[in-house]
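A.B. asks: Structure below; questions to follow.
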Amino acid sequence: MSDNGAQPRDVLILAQGGLDWASSRYRAWWLADVWPRARVMLYSEFIAKAADHWIYWPPAAVVVFQKIPNVQLASRLKAEGATVIYDLCDPMHWLNPREAADMLRLADAVTVSNQGLADDIRYEFPNIAPTVIPDRMKPAAHPTVKQHAHKAAPVLLWFGNWRNSLALVAANLTLARLAAEGVEFRLRLCDEAPDAVLQFDVPAEHVRWTLATFHETLLEADIALLPA
């Protein structure tokens, strides 16, 4: 039962972050928008309310942990009859080896965002067979399409979490060569920390990422520059 006496929905997704978190947006909030059987709560909010006995157990027939491993909580849910799913779009067994490994072994099912991650988990944990569920974009988030046209100085856009912008340094030499050969372009970075400026051999513009403005930022660019 839930706190208001109504039967809980079938699936509860415990999201790592809010809509501004890409992984949570794709794999929790937007998913629940089109899946009537599911609801989403922030993991941190759930933990706080569960500690205050606000939530009756089990809170749903199926509970999905989006990235965050919590073996103690997952064990309690399973003991109460809930099915526990561990959903990953990053190799958490690299970043939090002990608890993530325990969570992988404990979960009734493991879902991942791509085949490479599934293969890596299967290699390290031969008894675990993850199910691949690719990320899905909500069509309404990008309602229009870029109309390309010739530009004397096209905009090259990198976007993502600012920590991942280090990968863009690998393109620095290529960008410097293009500039040296007289190729005109504008390099633009879009992330949540525009003050954390990387140093390039070519001028770089920085804009702050927000969900409300990101679509327009994409439309203003000509080339997505996203080195792995």
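Each chain of the structure tokens is named A, B, ... in the order shown, its residues numbered from 1; ligands are numbered from 1 in display order.
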Do you know which residues are at most 12 Å from A:Pro154 counting only C-alpha atoms, after dropping those on the same chain fewer than 6 positions away, and could you put them as JSON, numbers by chain?
C.D. replies: {"A": [148, 183, 184, 185, 186, 187, 188, 220, 221, 222, 223, 224, 225]}
A.B. asks: Which polymer residues have any atom within 8 Å of an atom of stretch 164-181 of chain A, counting only C-alpha atoms, with same-chain residues fewer than 6 positions away left out, as a list in words?
C.D. replies: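 Listed by chain and then number, they are Trp158, Leu198, Phe200, Asp201, Val202, Leu226, Pro227 and Ala228 of chain A.
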A.B. asks: Atom CA of A:His150 and atom CA of A:Pro203, how far apart in Å?
C.D. replies: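 These atoms are spaced 21.4 Å apart.
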A.B. asks: I'd like the neighbourhood of A:Ala212 as a list in words, where a residue qualifies if any of its atoms comes within 12 Å (using only C-alpha atoms), though same-chain residues fewer than 6 positions away should be ignored.
C.D. replies: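 My reading of the contact set: Leu19, Asp20, Ala140, Ala141, His142 and Leu218 of chain A.
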